[in-house]
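Engineer: My structure is in data04.pdb, and what it holds is PDB, C-alpha atoms:
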```
ATOM      1  CA  MET U 780      12.479 -15.529  -4.097
ATOM      2  CA  ALA U 781      12.212 -17.928  -1.138
ATOM      3  CA  GLU U 782      14.478 -15.641   0.879
ATOM      4  CA  ALA U 783      12.206 -12.646   0.176
ATOM      5  CA  VAL U 784       9.115 -14.617   1.250
ATOM      6  CA  ALA U 785      10.860 -15.769   4.444
ATOM      7  CA  ASN U 786      11.871 -12.174   5.179
ATOM      8  CA  VAL U 787       8.258 -10.971   4.838
ATOM      9  CA  ALA U 788       7.015 -13.841   7.033
ATOM     10  CA  ARG U 789       9.606 -13.054   9.747
ATOM     11  CA  ARG U 790       8.637  -9.386   9.829
ATOM     12  CA  ILE U 791       4.909 -10.138   9.963
ATOM     13  CA  ASN U 792       5.348 -12.734  12.712
ATOM     14  CA  ALA U 793       7.413 -10.267  14.763
ATOM     15  CA  THR U 794       4.629  -7.673  14.450
ATOM     16  CA  VAL U 795       2.011 -10.192  15.629
ATOM     17  CA  GLU U 796       4.036 -11.911  18.373
ATOM     18  CA  GLU U 797       5.466  -8.713  19.833
ATOM     19  CA  GLU U 798       2.172  -6.849  19.384
ATOM     20  CA  LYS U 799       4.010  -4.039  17.629
ATOM     21  CA  ASP U 800       2.170  -0.997  16.316
ATOM     22  CA  THR U 801       4.391  -0.899  13.224
ATOM     23  CA  LEU U 802       4.781  -3.147  10.203
ATOM     24  CA  ASP U 803       7.916  -2.668   8.126
ATOM     25  CA  LEU U 804       7.868  -4.495   4.791
ATOM     26  CA  SER U 805      10.301  -2.162   3.038
ATOM     27  CA  ASN U 806      12.813  -3.645   0.581
ATOM     28  CA  CYS U 807      10.951  -6.962   0.318
ATOM     29  CA  LYS U 808      10.557  -7.080  -3.483
ATOM     30  CA  LEU U 809       6.761  -6.975  -3.074
ATOM     31  CA  ILE U 810       4.698  -6.378  -6.216
ATOM     32  CA  SER U 811       1.507  -6.094  -4.130
ATOM     33  CA  PHE U 812       0.454  -6.319  -0.497
ATOM     34  CA  PRO U 813       0.221 -10.084   0.074
ATOM     35  CA  ASP U 814      -3.383 -11.256   0.539
ATOM     36  CA  GLY U 815      -2.368 -13.783   3.189
ATOM     37  CA  VAL U 816      -1.049 -10.961   5.359
ATOM     38  CA  PHE U 817      -4.589  -9.720   5.970
ATOM     39  CA  LYS U 818      -5.480 -13.052   7.620
ATOM     40  CA  VAL U 819      -2.313 -13.216   9.708
ATOM     41  CA  LEU U 820      -2.678  -9.626  10.915
ATOM     42  CA  ARG U 821      -6.442  -9.752  11.498
ATOM     43  CA  SER U 822      -6.003  -9.936  15.283
ATOM     44  CA  VAL U 823      -3.637  -6.948  15.425
ATOM     45  CA  SER U 824      -4.709  -4.776  12.468
ATOM     46  CA  GLU U 825      -6.547  -2.351  14.786
ATOM     47  CA  ASN U 826      -3.290  -1.757  16.711
ATOM     48  CA  ILE U 827      -1.068  -1.019  13.723
ATOM     49  CA  ARG U 828      -0.303   2.689  13.447
ATOM     50  CA  VAL U 829       2.640   2.739  11.003
ATOM     51  CA  ILE U 830       3.172   0.702   7.833
ATOM     52  CA  THR U 831       6.270   0.992   5.681
ATOM     53  CA  LEU U 832       6.104  -0.535   2.218
ATOM     54  CA  ALA U 833       8.934   1.596   0.820
ATOM     55  CA  ASP U 834      11.329   0.483  -1.889
ATOM     56  CA  ASN U 835       9.344  -2.431  -3.238
ATOM     57  CA  GLU U 836       7.958  -2.988  -6.745
ATOM     58  CA  MET U 837       4.294  -2.377  -5.976
ATOM     59  CA  LYS U 838       2.208  -1.298  -8.963
ATOM     60  CA  ALA U 839      -1.035  -0.974  -6.995
ATOM     61  CA  ILE U 840      -2.421  -1.099  -3.495
ATOM     62  CA  SER U 841      -5.845  -2.615  -2.905
ATOM     63  CA  SER U 842      -8.963  -1.097  -1.375
ATOM     64  CA  LYS U 843      -8.851  -3.955   1.127
ATOM     65  CA  PHE U 844      -5.576  -2.556   2.488
ATOM     66  CA  PHE U 845      -7.219   0.750   3.407
ATOM     67  CA  SER U 846     -10.355  -0.845   4.850
ATOM     68  CA  THR U 847      -8.248  -3.231   6.976
ATOM     69  CA  PHE U 848      -5.734  -0.801   8.476
ATOM     70  CA  THR U 849      -8.173   1.929   9.479
ATOM     71  CA  GLN U 850      -6.132   3.053  12.499
ATOM     72  CA  LEU U 851      -3.008   3.924  10.502
ATOM     73  CA  ARG U 852      -1.264   7.204  11.360
ATOM     74  CA  GLU U 853       1.674   6.888   8.941
ATOM     75  CA  LEU U 854       1.955   5.175   5.567
ATOM     76  CA  ASP U 855       5.207   5.035   3.636
ATOM     77  CA  LEU U 856       4.833   3.923   0.008
ATOM     78  CA  GLN U 857       7.883   5.689  -1.420
ATOM     79  CA  GLY U 858      10.049   4.048  -4.037
ATOM     80  CA  ASN U 859       7.433   1.828  -5.658
ATOM     81  CA  VAL U 860       5.831   2.010  -9.123
ATOM     82  CA  LEU U 861       2.327   3.059  -8.057
ATOM     83  CA  THR U 862       0.284   4.831 -10.718
ATOM     84  CA  LYS U 863      -2.776   5.524  -8.541
ATOM     85  CA  LEU U 864      -4.367   5.011  -5.145
ATOM     86  CA  PRO U 865      -7.839   3.533  -4.710
ATOM     87  CA  ASP U 866     -10.644   5.873  -3.628
ATOM     88  CA  SER U 867     -10.833   3.943  -0.366
ATOM     89  CA  VAL U 868      -7.752   5.868   0.802
ATOM     90  CA  GLU U 869     -10.260   8.396   2.163
ATOM     91  CA  GLU U 870     -11.277   5.796   4.775
ATOM     92  CA  MET U 871      -7.997   6.481   6.582
ATOM     93  CA  GLU U 872      -9.615   8.702   9.207
ATOM     94  CA  HIS U 873      -6.525   8.865  11.434
ATOM     95  CA  LEU U 874      -3.788   9.172   8.801
ATOM     96  CA  VAL U 875      -1.339  11.977   9.608
ATOM     97  CA  SER U 876       1.453  11.269   7.123
ATOM     98  CA  ILE U 877       1.651   9.683   3.671
ATOM     99  CA  ASN U 878       4.853   9.298   1.697
ATOM    100  CA  LEU U 879       4.250   8.700  -2.017
ATOM    101  CA  ALA U 880       7.669   9.922  -3.195
ATOM    102  CA  ASN U 881       9.362   8.319  -6.190
ATOM    103  CA  ASN U 882       6.429   6.459  -7.678
ATOM    104  CA  LYS U 883       4.783   6.795 -11.114
ATOM    105  CA  LEU U 884       1.780   8.878 -10.043
ATOM    106  CA  SER U 885       0.584  11.470 -12.555
ATOM    107  CA  ILE U 886      -2.948  12.226 -11.346
ATOM    108  CA  PHE U 887      -3.271  13.606  -7.834
ATOM    109  CA  PRO U 888      -5.230  11.187  -5.594
ATOM    110  CA  ASP U 889      -8.107  13.595  -4.880
ATOM    111  CA  LYS U 890      -9.424  11.457  -2.037
ATOM    112  CA  LEU U 891      -6.370  12.443   0.027
ATOM    113  CA  THR U 892      -7.971  15.870   0.452
ATOM    114  CA  LYS U 893     -10.883  14.187   2.279
ATOM    115  CA  ILE U 894      -8.632  12.996   5.129
ATOM    116  CA  ALA U 895      -9.127  15.644   7.823
ATOM    117  CA  THR U 896      -6.185  14.467   9.951
ATOM    118  CA  LEU U 897      -3.575  14.476   7.163
ATOM    119  CA  GLU U 898      -0.679  16.832   8.010
ATOM    120  CA  TRP U 899       2.154  15.651   5.807
ATOM    121  CA  ILE U 900       2.087  14.642   2.093
ATOM    122  CA  ASN U 901       5.245  13.754   0.186
ATOM    123  CA  LEU U 902       4.771  13.616  -3.604
ATOM    124  CA  GLU U 903       8.399  14.181  -4.610
ATOM    125  CA  GLY U 904       9.675  12.519  -7.761
ATOM    126  CA  ASN U 905       6.402  11.619  -9.473
ATOM    127  CA  ASN U 906       4.834  12.812 -12.748
ATOM    128  CA  PHE U 907       2.322  15.374 -11.473
ATOM    129  CA  THR U 908       1.592  18.333 -13.723
ATOM    130  CA  GLU U 909      -1.337  19.567 -11.623
ATOM    131  CA  ILE U 910      -1.930  19.673  -7.878
ATOM    132  CA  PRO U 911      -5.346  20.757  -6.494
ATOM    133  CA  VAL U 912      -3.948  23.630  -4.416
ATOM    134  CA  GLU U 913      -7.416  24.965  -3.556
ATOM    135  CA  LYS U 914      -8.556  21.583  -2.174
ATOM    136  CA  LEU U 915      -5.286  21.161  -0.296
ATOM    137  CA  SER U 916      -5.752  24.612   1.241
ATOM    138  CA  ALA U 917      -9.137  23.512   2.571
ATOM    139  CA  MET U 918      -7.597  20.565   4.440
ATOM    140  CA  PRO U 919      -7.839  21.406   8.156
ATOM    141  CA  ALA U 920      -4.611  19.765   9.364
ATOM    142  CA  LEU U 921      -2.244  19.994   6.363
ATOM    143  CA  LYS U 922       1.123  21.488   7.371
ATOM    144  CA  TRP U 923       3.583  20.225   4.766
ATOM    145  CA  LEU U 924       3.551  19.301   1.061
ATOM    146  CA  ASN U 925       6.555  18.166  -0.961
ATOM    147  CA  VAL U 926       6.177  18.434  -4.746
ATOM    148  CA  LYS U 927       9.878  18.526  -5.686
ATOM    149  CA  SER U 928      10.894  16.898  -8.972
ATOM    150  CA  ASN U 929       7.458  16.917 -10.606
ATOM    151  CA  PRO U 930       6.753  18.471 -14.039
ATOM    152  CA  LEU U 931       4.217  20.954 -12.618
ATOM    153  CA  ASP U 932       2.359  23.191 -15.073
ATOM    154  CA  THR U 933       2.530  26.986 -14.883
ATOM    155  CA  ASP U 934      -0.862  27.420 -13.186
ATOM    156  CA  THR U 935       0.058  24.987 -10.418
ATOM    157  CA  LYS U 936       3.449  26.647  -9.908
ATOM    158  CA  CYS U 937       1.754  30.046  -9.586
ATOM    159  CA  ALA U 938      -0.820  28.713  -7.136
ATOM    160  CA  LEU U 939       1.933  27.175  -5.008
ATOM    161  CA  LYS U 940       3.801  30.496  -4.896
ATOM    162  CA  SER U 941       0.828  32.327  -3.385
ATOM    163  CA  PRO U 942       0.573  32.456   0.434
ATOM    164  CA  LEU U 943      -0.684  29.136   1.761
ATOM    165  CA  LYS U 944      -1.419  27.858   5.244
ATOM    166  CA  PHE U 945       0.981  24.934   4.766
ATOM    167  CA  ASP U 946       4.670  24.719   3.852
ATOM    168  CA  VAL U 947       5.536  23.714   0.297
ATOM    169  CA  LEU U 948       8.801  22.128  -0.807
ATOM    170  CA  SER U 949       9.310  22.441  -4.537
ATOM    171  CA  THR U 950      12.038  22.811  -7.130
ATOM    172  CA  MET U 951      10.599  25.913  -8.744
ATOM    173  CA  GLU U 952      12.885  28.706  -9.781
ATOM    174  CA  SER U 953      11.892  32.091  -8.367
TER
END
```
Starting from the file, lay out its structure as structure tokens.
Structural biologist:
Amino acid sequence: MAEAVANVARRINATVEEEKDTLDLSNCKLISFPDGVFKVLRSVSENIRVITLADNEMKAISSKFFSTFTQLRELDLQGNVLTKLPDSVEEMEHLVSINLANNKLSIFPDKLTKIATLEWINLEGNNFTEIPVEKLSAMPALKWLNVKSNPLDTDTKCALKSPLKFDVLSTMES
């Protein structure tokens, strides 16, 4: 446990001291985004463009996370145990890419469709049965959607087979 905490502290200090625009806290055994990190990163949060929280044990991510890192372009949350995202995800006005692969999500985070800059959404390996294809089609920047390895219902599969303005990766048989 102490080693994991030291690892997180080292990575955060490197981001602050080197004024990096990325924060990589992947594989840190995190169950949530540490509250103390908000204080430490306060001076540089506006500069952070990429955050990787992949391969942790996070069950939830707080609204405070999204209201703090408003300048994020890329967010990698793959390989956690997230069951939902807070509505405040829509505050991510500059987000271009979100990776939610291999979590425990079953209800599509509708607020993602409100992010006008979002180009890339990875939902592979979750528990989605429905995806709001119509809302996704209305997203101005969306270019790529990965829904592989989800138990999609028949209506969603049909909707994803119709011509769309973005590329879809799925494991549907033709």
Engineer: Work out how far CA of Pro942 in chain U is from CA of Asp866 in chain U, in Å to one decimal.
Structural biologist: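 Calculated distance between CA of Asp866 in chain U and CA of Pro942 in chain U is 29.1 Å.
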Engineer: Enter the distance from CA of Leu921 in chain U to CA of Asn806 in chain U, in Å, rounded to one decimal.
Structural biologist: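 Distance reported for this atom pair: 28.6 Å.
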Engineer: Grab the CA of Lys883 in chain U to CA of Ile810 in chain U distance for me, in Å with one decimal place.
Structural biologist: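 Value for the CA of Lys883 in chain U-CA of Ile810 in chain U distance: 14.1 Å.
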Engineer: Would you translate the PyMOL selection byres ((chain U and resi 877-879) around 7) into the concrete set of residues it matches in this file, as an MDAnalysis selection string?
Structural biologist: chainID U and resid 853:857 876 880:882 899:902
Engineer: Which residue out of U:Glu872, U:Glu909, U:Glu782, U:Asp814 has the minimum interatomic distance to Phe887 in chain U when only C-alpha atoms are used?
Structural biologist: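 Checking each of U:Glu872, U:Glu909, U:Glu782, U:Asp814 against Phe887 in chain U, counting only C-alpha atoms, the winner is U:Glu909.
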Engineer: Run through the PyMOL selection byres ((chain U and resi 928) around 10) on the given coordinates and return the selected residues as a ChimeraX atom specification.
Structural biologist: /U:880-881,902-907,925-927,929-931,948-951
Engineer: Please provide the set of residues having any atom within 10 Å of Ala895 in chain U, restricted to only C-alpha atoms, with same-chain residues fewer than 2 positions apart removed, written as number ranges by chain.
Structural biologist: U: 869, 871-875, 891-893, 897-898, 917-921
Engineer: In terms of the shortest atom-to-atom distance over all atoms listed in the file, which of U:Val823, U:Ile886, U:Val947, U:Val787 is closest to Thr847 in chain U?
Structural biologist: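 So, comparing all the options, the nearest one is U:Val823.
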